[in-house]
$ cat upload.pdb   # PDB, C-alpha atoms and all ligand atoms
ATOM      1  CA  MET S 205       0.000   0.000   0.000
ATOM      2  CA  ASN S 206       1.413   3.380  -0.996
ATOM      3  CA  ASN S 207       0.754   6.029   1.542
ATOM      4  CA  GLU S 208       2.229   9.469   2.157
ATOM      5  CA  LYS S 209       0.623   9.974   5.575
ATOM      6  CA  ILE S 210       2.387   8.959   8.762
ATOM      7  CA  PHE S 211       0.316   6.322  10.498
ATOM      8  CA  SER S 212       0.654   3.907  13.364
ATOM      9  CA  ILE S 213      -0.800   0.524  14.226
ATOM     10  CA  ALA S 214      -0.975  -0.868  17.749
ATOM     11  CA  ILE S 215      -1.534  -4.591  18.190
ATOM     12  CA  ASP S 216      -2.134  -5.846  21.711
ATOM     13  CA  GLY S 217      -3.346  -9.134  23.043
ATOM     14  CA  PRO S 218      -2.537 -12.132  25.200
ATOM     15  CA  CYS S 219       0.494 -14.379  24.736
ATOM     16  CA  GLY S 220       0.388 -16.809  21.849
ATOM     17  CA  ALA S 221      -2.306 -14.949  19.906
ATOM     18  CA  GLY S 222       0.149 -14.597  17.019
ATOM     19  CA  LYS S 223       0.889 -10.886  17.469
ATOM     20  CA  SER S 224       4.563 -11.054  16.541
ATOM     21  CA  SER S 225       4.179 -13.071  13.339
ATOM     22  CA  VAL S 226       1.141 -11.106  12.221
ATOM     23  CA  ALA S 227       2.902  -7.831  13.060
ATOM     24  CA  ASP S 228       6.014  -8.872  11.107
ATOM     25  CA  ASP S 229       3.999  -9.771   8.024
ATOM     26  CA  ALA S 230       1.745  -6.727   8.131
ATOM     27  CA  ALA S 231       4.722  -4.379   8.611
ATOM     28  CA  LYS S 232       6.529  -5.993   5.676
ATOM     29  CA  ARG S 233       3.496  -5.568   3.439
ATOM     30  CA  LEU S 234       3.138  -1.952   4.497
ATOM     31  CA  ASN S 235       6.873  -1.303   4.259
ATOM     32  CA  ILE S 236       7.063   0.083   7.779
ATOM     33  CA  LEU S 237       8.995  -0.979  10.884
ATOM     34  CA  HIS S 238       7.616  -3.384  13.445
ATOM     35  CA  LEU S 239       8.635  -2.665  17.021
ATOM     36  CA  ASP S 240       8.263  -5.733  19.232
ATOM     37  CA  THR S 241       7.856  -4.018  22.619
ATOM     38  CA  GLY S 242       7.887  -7.337  24.485
ATOM     39  CA  ALA S 243      11.525  -7.815  23.410
ATOM     40  CA  MET S 244      12.468  -4.771  25.495
ATOM     41  CA  TYR S 245      10.825  -6.182  28.647
ATOM     42  CA  ARG S 246      12.467  -9.522  27.924
ATOM     43  CA  ALA S 247      15.873  -7.783  27.795
ATOM     44  CA  VAL S 248      15.184  -6.143  31.182
ATOM     45  CA  GLY S 249      14.134  -9.545  32.540
ATOM     46  CA  LEU S 250      17.291 -11.147  31.165
ATOM     47  CA  TYR S 251      19.472  -8.508  32.835
ATOM     48  CA  MET S 252      17.828  -9.172  36.195
ATOM     49  CA  LEU S 253      18.193 -12.959  35.785
ATOM     50  CA  GLU S 254      21.848 -12.704  34.752
ATOM     51  CA  ASN S 255      22.621 -10.461  37.705
ATOM     52  CA  GLU S 256      20.637 -12.553  40.168
ATOM     53  CA  ILE S 257      18.272  -9.752  41.061
ATOM     54  CA  ASP S 258      14.922 -10.790  42.521
ATOM     55  CA  ILE S 259      12.538 -10.237  39.602
ATOM     56  CA  HIS S 260       9.569 -10.406  41.953
ATOM     57  CA  ASN S 261      10.789  -7.494  44.069
ATOM     58  CA  PRO S 262       9.903  -4.241  42.227
ATOM     59  CA  ASP S 263      12.093  -2.123  44.549
ATOM     60  CA  GLU S 264      15.140  -4.241  43.852
ATOM     61  CA  VAL S 265      14.432  -4.233  40.130
ATOM     62  CA  LYS S 266      13.995  -0.453  40.208
ATOM     63  CA  ALA S 267      17.277  -0.010  42.103
ATOM     64  CA  HIS S 268      19.108  -1.689  39.212
ATOM     65  CA  MET S 269      17.261  -0.057  36.326
ATOM     66  CA  ASP S 270      19.886   2.674  35.867
ATOM     67  CA  GLU S 271      22.374  -0.044  34.913
ATOM     68  CA  VAL S 272      20.052  -1.367  32.218
ATOM     69  CA  LYS S 273      20.521   0.113  28.782
ATOM     70  CA  ILE S 274      18.116  -1.187  26.169
ATOM     71  CA  ASP S 275      18.478  -0.281  22.513
ATOM     72  CA  VAL S 276      16.842  -1.538  19.389
ATOM     73  CA  ALA S 277      18.146  -1.327  15.854
ATOM     74  CA  PHE S 278      16.564  -2.462  12.625
ATOM     75  CA  GLU S 279      18.743  -4.432  10.243
ATOM     76  CA  ASN S 280      17.044  -4.984   6.884
ATOM     77  CA  GLY S 281      13.789  -4.258   8.682
ATOM     78  CA  ILE S 282      14.428  -6.899  11.344
ATOM     79  CA  GLN S 283      14.594  -5.821  14.966
ATOM     80  CA  LYS S 284      17.753  -6.447  16.939
ATOM     81  CA  THR S 285      17.540  -5.913  20.669
ATOM     82  CA  TYR S 286      20.618  -4.791  22.600
ATOM     83  CA  LEU S 287      21.206  -4.999  26.326
ATOM     84  CA  CYS S 288      24.063  -2.726  27.455
ATOM     85  CA  GLY S 289      25.501  -2.906  23.932
ATOM     86  CA  ARG S 290      25.209  -6.716  23.609
ATOM     87  CA  ASP S 291      22.937  -8.248  20.983
ATOM     88  CA  VAL S 292      20.512 -10.355  23.014
ATOM     89  CA  SER S 293      17.938 -10.922  20.249
ATOM     90  CA  SER S 294      18.206 -14.725  20.543
ATOM     91  CA  LEU S 295      18.899 -14.979  24.269
ATOM     92  CA  ILE S 296      15.622 -13.215  25.153
ATOM     93  CA  ARG S 297      13.537 -15.870  23.372
ATOM     94  CA  THR S 298      13.672 -18.398  26.198
ATOM     95  CA  GLN S 299      10.778 -19.322  28.432
ATOM     96  CA  GLU S 300      12.741 -17.972  31.442
ATOM     97  CA  ALA S 301      13.268 -14.565  29.820
ATOM     98  CA  GLY S 302       9.547 -14.433  28.947
ATOM     99  CA  ASP S 303       8.543 -15.202  32.515
ATOM    100  CA  ALA S 304      11.065 -12.683  33.847
ATOM    101  CA  ALA S 305       9.672 -10.074  31.415
ATOM    102  CA  SER S 306       6.182 -10.708  32.715
ATOM    103  CA  ALA S 307       7.424 -10.251  36.306
ATOM    104  CA  VAL S 308       9.522  -7.093  35.798
ATOM    105  CA  SER S 309       6.866  -5.496  33.600
ATOM    106  CA  LYS S 310       4.677  -5.107  36.688
ATOM    107  CA  GLY S 311       6.961  -2.334  37.963
ATOM    108  CA  ALA S 312       5.795   1.217  37.271
ATOM    109  CA  TYR S 313       9.377   2.474  36.956
ATOM    110  CA  VAL S 314      10.304  -0.196  34.420
ATOM    111  CA  ARG S 315       7.189   0.589  32.370
ATOM    112  CA  GLU S 316       7.838   4.363  32.413
ATOM    113  CA  LYS S 317      11.351   3.827  31.097
ATOM    114  CA  MET S 318      10.231   1.441  28.357
ATOM    115  CA  VAL S 319       7.298   3.589  27.233
ATOM    116  CA  LEU S 320       9.526   6.678  26.908
ATOM    117  CA  LYS S 321      11.969   4.704  24.796
ATOM    118  CA  GLN S 322       9.193   3.192  22.657
ATOM    119  CA  ARG S 323       7.687   6.603  21.945
ATOM    120  CA  GLU S 324      11.111   7.993  21.095
ATOM    121  CA  ILE S 325      11.652   5.157  18.577
ATOM    122  CA  ALA S 326       8.244   5.770  16.995
ATOM    123  CA  LYS S 327       8.697   9.522  16.630
ATOM    124  CA  GLY S 328       8.120  10.960  13.188
ATOM    125  CA  MET S 329       7.600   7.749  11.249
ATOM    126  CA  SER S 330       4.966   5.192  10.426
ATOM    127  CA  ILE S 331       5.270   2.214  12.737
ATOM    128  CA  LEU S 332       3.544  -0.940  13.873
ATOM    129  CA  MET S 333       3.977  -1.893  17.533
ATOM    130  CA  ASP S 334       2.884  -5.030  19.248
ATOM    131  CA  GLY S 335       2.701  -5.724  22.954
ATOM    132  CA  ARG S 336       0.274  -5.374  25.832
ATOM    133  CA  ASP S 337      -0.116  -1.591  26.132
ATOM    134  CA  ALA S 338       0.632  -0.314  22.620
ATOM    135  CA  GLY S 339      -2.896   0.992  22.097
ATOM    136  CA  THR S 340      -3.782   1.820  25.692
ATOM    137  CA  CYS S 341      -0.578   3.625  26.671
ATOM    138  CA  ILE S 342       2.292   3.932  24.182
ATOM    139  CA  LEU S 343       0.303   5.127  21.174
ATOM    140  CA  PRO S 344      -3.024   6.471  22.467
ATOM    141  CA  ASP S 345      -3.644   8.163  19.102
ATOM    142  CA  ALA S 346      -2.727   5.196  16.916
ATOM    143  CA  THR S 347      -4.414   5.206  13.515
ATOM    144  CA  LEU S 348      -5.528   1.633  14.103
ATOM    145  CA  LYS S 349      -5.697  -0.386  17.302
ATOM    146  CA  ILE S 350      -6.142  -4.128  17.171
ATOM    147  CA  TYR S 351      -6.814  -6.447  20.076
ATOM    148  CA  LEU S 352      -5.656  -9.791  18.733
ATOM    149  CA  THR S 353      -6.856 -12.758  20.693
ATOM    150  CA  ALA S 354      -7.679 -16.460  20.364
ATOM    151  CA  ASP S 355      -9.081 -19.179  22.552
ATOM    152  CA  VAL S 356      -6.497 -20.089  25.206
ATOM    153  CA  HIS S 357      -6.435 -23.768  24.152
ATOM    154  CA  GLU S 358      -5.682 -22.736  20.579
ATOM    155  CA  ARG S 359      -2.963 -20.334  21.759
ATOM    156  CA  ALA S 360      -1.402 -23.072  23.870
ATOM    157  CA  ARG S 361      -1.612 -25.498  20.934
ATOM    158  CA  ARG S 362       0.272 -23.033  18.694
ATOM    159  CA  ARG S 363       2.955 -22.518  21.352
ATOM    160  CA  TYR S 364       3.226 -26.265  21.851
ATOM    161  CA  ASP S 365       3.574 -26.926  18.093
ATOM    162  CA  GLU S 366       6.235 -24.212  17.791
ATOM    163  CA  ARG S 367       8.297 -25.757  20.557
ATOM    164  CA  VAL S 368       7.931 -29.283  19.219
ATOM    165  CA  GLN S 369       9.064 -28.029  15.812
ATOM    166  CA  LYS S 370      12.144 -26.512  17.431
ATOM    167  CA  GLY S 371      12.885 -29.925  18.915
ATOM    168  CA  GLU S 372      12.037 -28.907  22.493
ATOM    169  CA  ALA S 373      10.519 -31.541  24.753
ATOM    170  CA  CYS S 374       7.283 -30.260  26.238
ATOM    171  CA  VAL S 375       3.901 -31.352  27.534
ATOM    172  CA  PHE S 376       0.733 -29.708  26.215
ATOM    173  CA  ASP S 377      -0.849 -29.339  29.662
ATOM    174  CA  ASP S 378       2.236 -27.493  30.948
ATOM    175  CA  VAL S 379       2.137 -25.080  28.011
ATOM    176  CA  LEU S 380      -1.567 -24.478  28.636
ATOM    177  CA  LYS S 381      -0.877 -23.796  32.311
ATOM    178  CA  GLU S 382       1.904 -21.337  31.376
ATOM    179  CA  CYS S 383      -0.440 -19.460  29.018
ATOM    180  CA  ILE S 384      -3.124 -19.207  31.684
ATOM    181  CA  GLU S 385      -0.605 -17.948  34.246
ATOM    182  CA  ARG S 386       0.910 -15.414  31.836
ATOM    183  CA  ASP S 387      -2.576 -14.097  30.971
ATOM    184  CA  HIS S 388      -3.379 -13.788  34.659
ATOM    185  CA  ASN S 389      -0.170 -11.823  35.365
ATOM    186  CA  ASP S 390      -0.481  -9.527  32.363
ATOM    187  CA  MET S 391      -4.187  -8.826  32.842
ATOM    188  CA  ASN S 392      -4.141  -8.304  36.587
ATOM    189  CA  ARG S 393      -1.092  -6.143  37.234
ATOM    190  CA  GLU S 394      -1.754  -2.681  38.633
ATOM    191  CA  VAL S 395       0.117  -0.621  36.061
ATOM    192  CA  SER S 396      -1.036  -0.786  32.432
ATOM    193  CA  PRO S 397      -2.644  -4.209  32.600
ATOM    194  CA  LEU S 398      -3.460  -5.923  29.340
ATOM    195  CA  ILE S 399      -6.929  -4.669  28.455
ATOM    196  CA  GLN S 400      -8.703  -4.016  25.239
ATOM    197  CA  ALA S 401      -8.528  -0.301  24.341
ATOM    198  CA  GLU S 402     -12.025   1.173  23.986
ATOM    199  CA  ASP S 403     -11.375   2.028  20.361
ATOM    200  CA  ALA S 404      -9.630  -1.238  19.455
ATOM    201  CA  VAL S 405     -10.983  -3.648  16.887
ATOM    202  CA  VAL S 406     -11.069  -7.172  18.288
ATOM    203  CA  VAL S 407      -9.708  -9.820  15.964
ATOM    204  CA  ASP S 408     -10.237 -13.360  17.188
ATOM    205  CA  SER S 409      -7.767 -15.543  15.322
ATOM    206  CA  THR S 410      -8.983 -18.891  16.728
ATOM    207  CA  HIS S 411     -10.318 -19.971  13.342
ATOM    208  CA  MET S 412      -8.244 -17.676  11.119
ATOM    209  CA  THR S 413      -4.977 -18.225   9.301
ATOM    210  CA  GLN S 414      -2.140 -15.754   9.757
ATOM    211  CA  ALA S 415      -2.666 -14.487   6.206
ATOM    212  CA  GLU S 416      -6.353 -13.840   6.924
ATOM    213  CA  VAL S 417      -5.504 -11.849  10.037
ATOM    214  CA  VAL S 418      -2.952  -9.754   8.138
ATOM    215  CA  ASP S 419      -5.439  -9.117   5.308
ATOM    216  CA  ARG S 420      -8.009  -7.966   7.845
ATOM    217  CA  ILE S 421      -5.569  -5.551   9.496
ATOM    218  CA  ILE S 422      -4.526  -4.072   6.172
ATOM    219  CA  ALA S 423      -8.146  -3.668   5.081
ATOM    220  CA  LEU S 424      -8.994  -1.935   8.368
ATOM    221  CA  LEU S 425      -6.008   0.381   8.005
ATOM    222  CA  LYS S 426      -7.019   1.264   4.470
ATOM    223  CA  GLU S 427     -10.495   2.189   5.716
ATOM    224  CA  ARG S 428      -9.008   4.393   8.455
ATOM    225  CA  LEU S 429      -6.631   6.164   6.102
ATOM    226  CA  GLU S 430      -9.332   6.817   3.555
ATOM    227  CA  ALA S 431     -11.877   7.998   6.122
TER     228      ALA S 431
HETATM  229  O1  LIG S 501       5.050 -10.419  23.944
HETATM  230  P1  LIG S 501       6.088 -11.131  24.818
HETATM  231  O2  LIG S 501       5.757 -12.546  25.157
HETATM  232  O3  LIG S 501       7.471 -11.021  24.228
HETATM  233  O4  LIG S 501       6.113 -10.293  26.193
HETATM  234  C1  LIG S 501       6.775 -10.763  27.327
HETATM  235  C2  LIG S 501       6.194 -10.105  28.559
HETATM  236  O5  LIG S 501       6.502  -8.705  28.556
HETATM  237  C3  LIG S 501       4.679 -10.177  28.692
HETATM  238  O6  LIG S 501       4.279 -11.334  29.393
HETATM  239  C4  LIG S 501       4.320  -8.915  29.417
HETATM  240  C5  LIG S 501       5.427  -7.956  29.092
HETATM  241  N1  LIG S 501       5.034  -6.910  28.147
HETATM  242  C6  LIG S 501       4.403  -5.804  28.658
HETATM  243  O7  LIG S 501       4.121  -5.757  29.846
HETATM  244  N2  LIG S 501       4.089  -4.768  27.835
HETATM  245  C7  LIG S 501       4.362  -4.823  26.529
HETATM  246  N3  LIG S 501       4.056  -3.777  25.756
HETATM  247  C8  LIG S 501       4.981  -5.959  25.984
HETATM  248  C9  LIG S 501       5.294  -7.009  26.824
END
$ encode --input "upload.pdb" --output "structure tokens"
Amino acid sequence: MNNEKIFSIAIDGPCGAGKSSVADDAAKRLNILHLDTGAMYRAVGLYMLENEIDIHNPDEVKAHMDEVKIDVAFENGIQKTYLCGRDVSSLIRTQEAGDAASAVSKGAYVREKMVLKQREIAKGMSILMDGRDAGTCILPDATLKIYLTADVHERARRRYDERVQKGEACVFDDVLKECIERDHNDMNREVSPLIQAEDAVVVDSTHMTQAEVVDRIIALLKERLEA
């Protein structure tokens, strides 16, 4: 789609709903950058794990936040995430880093720092962000807000299949339990919990392919830009 206007898309939703893959594809088709905001929380979580800081103690996490330098760069449109100058793009993809991200993201101070950085990255250009608070907090005036969800059993099944494909040994019931716990944490924290923005369009991907979800997002964006 050729467009002169600067626009932004915020995609939020629970874990395993397919946000990252959908966001990657949609951004590619629109020729804009995709900022994976979860990667930044994962990098903070990784720092705390590596330095043996109690991720469940917000005061301790806060006390170490000045040591944490998160940067993102885009190489051929693909996001690289740096922690204190070190490329941690692969290291942050573990289950442990995801759980640590969920824990540290409860802290107001951590969130303030990340949101400032995310807004700074987005300044002056068209962007697609995915996360938990992209539409409710980071980009309140986003051109299009999507709340991407799917039945929790389907989300767990996708996660399970992904891991099996990577050769990881896992049990479906454990993956389901993890998804339920992650949803509970992300939806019930005090600061910026995962909620559907009032003006978000809900897309339930339970019975949709990735391509169908991307088509729907692009069609919705087109409508918004032409309105
Ligand atoms: O999308 P993800 O699995 O990479 O995110 C990891 C955790 O980071 C998620 O459980 C909650 C947190 N997160 C957040 O609080 N706000 C965001 N915008 C993105 C992620």
$ residues_near_ligand --input "upload.pdb" --ligand "ligand LIG 501 (chain S)" --cutoff "6 Å" --atoms "all atoms listed in the file" --output "compact mmCIF listing (two decimals) with C-alpha atoms, in the frame of the given file"
# COMPACT_ATOMS: atom_id res chain seq x y z
CA CYS S 219 0.49 -14.38 24.74
CA THR S 241 7.86 -4.02 22.62
CA GLY S 242 7.89 -7.34 24.48
CA ALA S 243 11.52 -7.82 23.41
CA TYR S 245 10.82 -6.18 28.65
CA ARG S 246 12.47 -9.52 27.92
CA GLY S 302 9.55 -14.43 28.95
CA ALA S 305 9.67 -10.07 31.42
CA SER S 306 6.18 -10.71 32.72
CA SER S 309 6.87 -5.50 33.60
CA GLY S 335 2.70 -5.72 22.95
CA ARG S 336 0.27 -5.37 25.83
CA ASP S 337 -0.12 -1.59 26.13
CA ALA S 338 0.63 -0.31 22.62
CA ARG S 386 0.91 -15.41 31.84
CA ASP S 390 -0.48 -9.53 32.36
$ residues_around --input "upload.pdb" --residues "segment 272-274 of chain S" --least-positions-apart "6" --cutoff "6 Å" --atoms "only C-alpha atoms" --output "list in words"
Tyr286, Leu287 and Cys288 of chain S
$ write_last_selection --input "upload.pdb" --atoms "C-alpha atoms" --output "PDB file, keeping the file's coordinate frame"
ATOM      1  CA  TYR S 286      20.618  -4.791  22.600  1.00  0.00           C
ATOM      2  CA  LEU S 287      21.206  -4.999  26.326  1.00  0.00           C
ATOM      3  CA  CYS S 288      24.063  -2.726  27.455  1.00  0.00           C
TER       4      CYS S 288
END
$ closest_residue --input "upload.pdb" --among "S:Gly220, S:Thr347, S:Ile384, S:His411" --to "Arg363 of chain S" --atoms "all atoms listed in the file"
S:Gly220
$ axis_aligned_box --input "upload.pdb" --around "segment 308-313 of chain S" --padding-each-side "4 Å" --output "AutoDock Vina command-line options"
--center_x 7.1 --center_y -2.3 --center_z 35.8 --size_x 12.8 --size_y 17.6 --size_z 12.4
$ resolve_selection --input "upload.pdb" --expression "the PyMOL selection byres (((chain S and resi 308) around 8) and not hetatm)" --output "VMD selection string"
chain S and resid 245 248 to 249 259 to 260 262 265 304 to 307 309 to 311 314
$ residues_around --input "upload.pdb" --residues "Cys383 of chain S" --least-positions-apart "4" --cutoff "12 Å" --atoms "all atoms listed in the file" --output "ChimeraX atom specification"
/S:218-221,299,302-303,306,354-364,376-379,387-391
$ write_last_selection --input "upload.pdb" --atoms "C-alpha atoms" --output "PDB file, in the frame of the given file"
ATOM      1  CA  PRO S 218      -2.537 -12.132  25.200  1.00  0.00           C
ATOM      2  CA  CYS S 219       0.494 -14.379  24.736  1.00  0.00           C
ATOM      3  CA  GLY S 220       0.388 -16.809  21.849  1.00  0.00           C
ATOM      4  CA  ALA S 221      -2.306 -14.949  19.906  1.00  0.00           C
ATOM      5  CA  GLN S 299      10.778 -19.322  28.432  1.00  0.00           C
ATOM      6  CA  GLY S 302       9.547 -14.433  28.947  1.00  0.00           C
ATOM      7  CA  ASP S 303       8.543 -15.202  32.515  1.00  0.00           C
ATOM      8  CA  SER S 306       6.182 -10.708  32.715  1.00  0.00           C
ATOM      9  CA  ALA S 354      -7.679 -16.460  20.364  1.00  0.00           C
ATOM     10  CA  ASP S 355      -9.081 -19.179  22.552  1.00  0.00           C
ATOM     11  CA  VAL S 356      -6.497 -20.089  25.206  1.00  0.00           C
ATOM     12  CA  HIS S 357      -6.435 -23.768  24.152  1.00  0.00           C
ATOM     13  CA  GLU S 358      -5.682 -22.736  20.579  1.00  0.00           C
ATOM     14  CA  ARG S 359      -2.963 -20.334  21.759  1.00  0.00           C
ATOM     15  CA  ALA S 360      -1.402 -23.072  23.870  1.00  0.00           C
ATOM     16  CA  ARG S 361      -1.612 -25.498  20.934  1.00  0.00           C
ATOM     17  CA  ARG S 362       0.272 -23.033  18.694  1.00  0.00           C
ATOM     18  CA  ARG S 363       2.955 -22.518  21.352  1.00  0.00           C
ATOM     19  CA  TYR S 364       3.226 -26.265  21.851  1.00  0.00           C
ATOM     20  CA  PHE S 376       0.733 -29.708  26.215  1.00  0.00           C
ATOM     21  CA  ASP S 377      -0.849 -29.339  29.662  1.00  0.00           C
ATOM     22  CA  ASP S 378       2.236 -27.493  30.948  1.00  0.00           C
ATOM     23  CA  VAL S 379       2.137 -25.080  28.011  1.00  0.00           C
ATOM     24  CA  ASP S 387      -2.576 -14.097  30.971  1.00  0.00           C
ATOM     25  CA  HIS S 388      -3.379 -13.788  34.659  1.00  0.00           C
ATOM     26  CA  ASN S 389      -0.170 -11.823  35.365  1.00  0.00           C
ATOM     27  CA  ASP S 390      -0.481  -9.527  32.363  1.00  0.00           C
ATOM     28  CA  MET S 391      -4.187  -8.826  32.842  1.00  0.00           C
TER      29      MET S 391
END
$ atom_distance --input "upload.pdb" --atom1 "atom CA of Glu254 of chain S" --atom2 "atom CA of Glu271 of chain S"
12.7 Å
$ closest_residue --input "upload.pdb" --among "S:Arg323, S:Arg297, S:Lys209, S:Lys232" --to "Asn280 of chain S" --atoms "only C-alpha atoms"
S:Lys232
$ resolve_selection --input "upload.pdb" --expression "the PyMOL selection byres (((chain S and resi 425) around 12) and not hetatm)" --output "MDAnalysis selection string"
chainID S and resid 205 207 209 211:214 230:231 234 332 346:350 405 418:424 426:431
$ atom_distance --input "upload.pdb" --atom1 "atom CA of Leu250 of chain S" --atom2 "atom CA of Val292 of chain S"
8.8 Å
$ closest_residue --input "upload.pdb" --among "S:Val368, S:Met269, S:Ile282, S:Glu300" --to "Ser224 of chain S" --atoms "all atoms listed in the file"
S:Ile282
$ closest_residue --input "upload.pdb" --among "S:Cys374, S:Ser409, S:Asp365, S:Ile342" --to "Lys327 of chain S" --atoms "all atoms listed in the file"
S:Ile342
$ closest_residue --input "upload.pdb" --among "S:Val276, S:Ala373, S:Cys341, S:Val406" --to "Glu316 of chain S" --atoms "all atoms listed in the file"
S:Cys341
$ decode --input "upload.pdb" --residues "segment 315-330 of chain S" --atoms "N, CA, C and O atoms" --output "compact mmCIF listing (two decimals), in the first residue's frame"
# COMPACT_ATOMS: atom_id res chain seq x y z
N ARG S 315 8.12 0.27 33.46
CA ARG S 315 7.19 0.59 32.37
C ARG S 315 7.42 2.02 31.87
O ARG S 315 7.44 2.26 30.67
N GLU S 316 7.61 2.96 32.82
CA GLU S 316 7.84 4.36 32.41
C GLU S 316 9.04 4.45 31.48
O GLU S 316 9.00 5.10 30.45
N LYS S 317 10.12 3.78 31.88
CA LYS S 317 11.35 3.83 31.10
C LYS S 317 11.14 3.23 29.70
O LYS S 317 11.60 3.78 28.70
N MET S 318 10.45 2.11 29.64
CA MET S 318 10.23 1.44 28.36
C MET S 318 9.32 2.28 27.45
O MET S 318 9.58 2.42 26.27
N VAL S 319 8.26 2.82 28.04
CA VAL S 319 7.30 3.59 27.23
C VAL S 319 7.98 4.82 26.63
O VAL S 319 7.78 5.14 25.45
N LEU S 320 8.82 5.50 27.43
CA LEU S 320 9.53 6.68 26.91
C LEU S 320 10.38 6.29 25.70
O LEU S 320 10.37 6.95 24.67
N LYS S 321 11.08 5.19 25.86
CA LYS S 321 11.97 4.70 24.80
C LYS S 321 11.15 4.32 23.55
O LYS S 321 11.51 4.64 22.42
N GLN S 322 10.02 3.65 23.79
CA GLN S 322 9.19 3.19 22.66
C GLN S 322 8.62 4.38 21.89
O GLN S 322 8.59 4.39 20.66
N ARG S 323 8.22 5.41 22.63
CA ARG S 323 7.69 6.60 21.95
C ARG S 323 8.78 7.32 21.17
O ARG S 323 8.55 7.83 20.08
N GLU S 324 9.98 7.34 21.75
CA GLU S 324 11.11 7.99 21.09
C GLU S 324 11.42 7.28 19.76
O GLU S 324 11.65 7.91 18.74
N ILE S 325 11.37 5.94 19.79
CA ILE S 325 11.65 5.16 18.58
C ILE S 325 10.61 5.46 17.51
O ILE S 325 10.91 5.56 16.33
N ALA S 326 9.35 5.62 17.95
CA ALA S 326 8.24 5.77 17.00
C ALA S 326 8.14 7.16 16.39
O ALA S 326 7.47 7.35 15.38
N LYS S 327 8.86 8.11 17.01
CA LYS S 327 8.70 9.52 16.63
C LYS S 327 8.89 9.78 15.14
O LYS S 327 9.89 9.34 14.57
N GLY S 328 7.94 10.44 14.54
CA GLY S 328 8.12 10.96 13.19
C GLY S 328 8.06 9.94 12.07
O GLY S 328 8.42 10.26 10.93
N MET S 329 7.69 8.71 12.36
CA MET S 329 7.60 7.75 11.25
C MET S 329 6.40 6.82 11.43
O MET S 329 5.87 6.69 12.53
N SER S 330 6.02 6.19 10.34
CA SER S 330 4.97 5.19 10.43
C SER S 330 5.54 3.96 11.10
O SER S 330 6.68 3.57 10.84
